[in-house]
Amino acid sequence: MASIKAWIKAARLRTLPLATTCVMIGGALGFSKNPDASPLVLGLAAFVVMKLQILANFANDYGDFIKGTDGENRPDRALASGDITPSEMRVKMIFNSVVIFLAGCTTVWLAFRDSEVNLFENLGAISLVVLGVSGIVAAFKYTMGKSAYGYRGMGDLFVLLFFGYIGVLGIAFLMCGEIETSWILPATFSGLSAVAVLNLNNMRDIDGDREAGKNTLVVKIGLEKSKLYHTIIVLIAWGSLLYFLKDKVGFMWFALMFIIAIRHIRVVREATLPEHFDPELKKVAILSFIVGMFMLMQQTIQVAEV
């Protein structure tokens with residue numbers, strides 16, 4: 001039987017801060033529109049998103065191992081290292097999927113229980129449940145199955161959708177029952193920050209992925225074009241965020257963080273070895289988490305002062 005340490009290793013807890021960025025930004029937007037929104041709903045949404053990320057990590061570990069992408073070259077992976085067996089991982093993935101579905105349904109029920117429309121007739125509530133189920137499916141399909149989209153260079157698109165538009169706007173809608181067009185901008189920041197992390201991960205693993213037939217976008221376009229692509233998505237992400245925050249309190253703090261992002265771009269452009277990308281991956285994840293935390297804290301303080 002796999003040890004607790006092995007499951008913690010497979011869960012890859014360092015990915016959770018990035019996953020919660022969309023929750024915090026969505027929560028900040030929701031509170032800005034509805035100061036009376038339930039913190040419990042936001043907390044449960046965060047739990048669901050983190051469990052989804054862990055499920056995706058499990059599925060990624062499993063899919064890459066089954067396909068032969070991960071072997072002795074990846075002692076950091078739970079299945080490749082022998083710490084967890086494929087059958088144990090399958091059971092854990094099914095269990096997590098059930099927990100995510102039940103927790104997600106509970107979250108939606110709490111958010112819409114006072115609505116005048118019957119929950120089963122509420123298109124907004126039904127849409128959120130459908131999106132939650134699609135998130136579970138997407139977690140599995142990244143590396144699992146013959147049509148795994150992570151092996152066809154489509155991981156970036158799905159990450160943008162789920163960590164950006166679906167994640168941020170879905171959480172905001174859960175909190176206040178509506179969506180504003182301008183919220184697309186911070187959703188773009190959240191989604192592209194996650195894409196940047198994935199791109200760094202794929203640039204780091206380009207040689208192993210190419211040999212294993214894992215055709216990520218980086219493998220398809222090459223390392224140098226991937227660096228240019230990285231520069232573009234980071235600039236668009238921060239441009240979207242700063243434009244959205246330009247008239248808001250605390251803008252200068254976010255502008256100062258953008259300077260760190262500029263330095264990050266330069267480091268990535270000059271990177272030559274795979275190990276150069278891993279520290280930058282962590283920087284992007286932490287920086288986006290701090291942005292989300294600041295936005296949520298700022299909004300909750302404003303709510304408390306009302």
# chains A, B, ... in the order shown; residues from 1 in each chain; ligands from 1
call {"tool": "select_by_dssp", "arguments": {"residues": "region 66-281 of chain A", "states": "alpha helix (DSSP H)", "output": "PyMOL selection string"}}
result
chain A and resi 66+86-112+123-141+155-160+166-176+184-204+206-212+217-221+223-245+251-270+277-281
call {"tool": "residues_around", "arguments": {"residues": "region 228-244 of chain A", "least_positions_apart": "4", "cutoff": "6 Å", "atoms": "only C-alpha atoms", "output": "list in words"}}
result
Leu185, Pro186, Phe189, Leu192 and Ile265 of chain A
call {"tool": "atom_distance", "arguments": {"atom1": "CA of Leu287 (chain A)", "atom2": "CA of Pro274 (chain A)"}}
result
21.2 Å
call {"tool": "residues_around", "arguments": {"residues": "Arg14 (chain A)", "least_positions_apart": "6", "cutoff": "10 Å", "atoms": "only C-alpha atoms", "output": "list in words"}}
result
Lys282, Ala285 and Ile286 of chain A
call {"tool": "residues_around", "arguments": {"residues": "Ala111 (chain A)", "least_positions_apart": "5", "cutoff": "7 Å", "atoms": "only C-alpha atoms", "output": "PDB file with N, CA and C atoms, in the first residue's frame"}}
result
ATOM      1  N   VAL A  41     -19.251  29.739   0.514  1.00  0.00           N
ATOM      2  CA  VAL A  41     -19.329  29.322  -0.882  1.00  0.00           C
ATOM      3  C   VAL A  41     -17.969  29.451  -1.548  1.00  0.00           C
ATOM      4  N   LEU A 174     -20.756  32.465  -9.355  1.00  0.00           N
ATOM      5  CA  LEU A 174     -21.185  31.710  -8.182  1.00  0.00           C
ATOM      6  C   LEU A 174     -21.418  32.649  -6.996  1.00  0.00           C
ATOM      7  N   MET A 175     -20.583  33.703  -6.907  1.00  0.00           N
ATOM      8  CA  MET A 175     -20.653  34.627  -5.773  1.00  0.00           C
ATOM      9  C   MET A 175     -21.763  35.671  -5.903  1.00  0.00           C
TER      10      MET A 175
END
call {"tool": "residues_around", "arguments": {"residues": "Gln299 (chain A)", "least_positions_apart": "6", "cutoff": "9 Å", "atoms": "only C-alpha atoms", "output": "VMD selection string"}}
result
chain A and resid 27 to 29 31 to 32 35
call {"tool": "residues_around", "arguments": {"residues": "Gln53 (chain A)", "least_positions_apart": "4", "cutoff": "8 Å", "atoms": "only C-alpha atoms", "output": "NGL selection string"}}
result
:A and (15-16 or 19 or 49 or 57 or 139)
call {"tool": "write_last_selection", "arguments": {"atoms": "N, CA and C atoms", "output": "compact mmCIF listing (two decimals), in the first residue's frame"}}
result
# COMPACT_ATOMS: atom_id res chain seq x y z
N THR A 15 1.65 22.93 -6.91
CA THR A 15 0.81 23.44 -7.99
C THR A 15 -0.47 24.09 -7.48
N LEU A 16 -0.80 23.90 -6.20
CA LEU A 16 -2.07 24.40 -5.68
C LEU A 16 -2.17 25.92 -5.62
N ALA A 19 -3.44 27.09 -8.85
CA ALA A 19 -4.83 26.68 -9.07
C ALA A 19 -5.80 27.60 -8.33
N VAL A 49 -11.70 23.37 -6.52
CA VAL A 49 -10.65 23.68 -7.50
C VAL A 49 -9.34 22.99 -7.13
N ASN A 57 -3.22 16.23 -11.45
CA ASN A 57 -1.85 15.77 -11.21
C ASN A 57 -1.77 14.25 -11.16
N ALA A 139 -9.46 16.94 -16.71
CA ALA A 139 -8.34 16.50 -15.87
C ALA A 139 -7.85 15.13 -16.31
call {"tool": "closest_residue", "arguments": {"among": "A:Ser134, A:Thr143, A:Ser193, A:Asn96", "to": "Asp209 (chain A)", "atoms": "only C-alpha atoms"}}
result
A:Thr143
call {"tool": "residues_around", "arguments": {"residues": "Leu18 (chain A)", "least_positions_apart": "6", "cutoff": "7 Å", "atoms": "only C-alpha atoms", "output": "list of chain:residue names"}}
result
A:Ala194, A:Ala285, A:Ser288, A:Phe289
call {"tool": "decode", "arguments": {"residues": "region 190-212 of chain A", "atoms": "C-alpha atoms", "output": "tab-separated table (two decimals), in the first residue's frame"}}
result
chain	number	residue	atom	x	y	z
A	190	SER	CA	-5.25	34.22	-14.53
A	191	GLY	CA	-5.51	31.94	-17.55
A	192	LEU	CA	-2.38	33.15	-19.32
A	193	SER	CA	-0.35	32.98	-16.09
A	194	ALA	CA	-1.28	29.30	-15.89
A	195	VAL	CA	-0.40	28.89	-19.59
A	196	ALA	CA	2.98	30.49	-18.86
A	197	VAL	CA	3.63	27.93	-16.13
A	198	LEU	CA	2.68	25.09	-18.47
A	199	ASN	CA	4.91	26.52	-21.19
A	200	LEU	CA	7.87	26.71	-18.80
A	201	ASN	CA	7.19	23.14	-17.72
A	202	ASN	CA	7.11	22.00	-21.35
A	203	MET	CA	10.28	23.93	-22.23
A	204	ARG	CA	12.01	22.21	-19.33
A	205	ASP	CA	10.81	18.78	-20.50
A	206	ILE	CA	11.16	19.32	-24.26
A	207	ASP	CA	13.79	16.64	-24.86
A	208	GLY	CA	12.01	13.90	-22.92
A	209	ASP	CA	8.62	14.81	-24.39
A	210	ARG	CA	9.99	14.76	-27.94
A	211	GLU	CA	11.54	11.33	-27.44
A	212	ALA	CA	8.32	9.97	-25.93
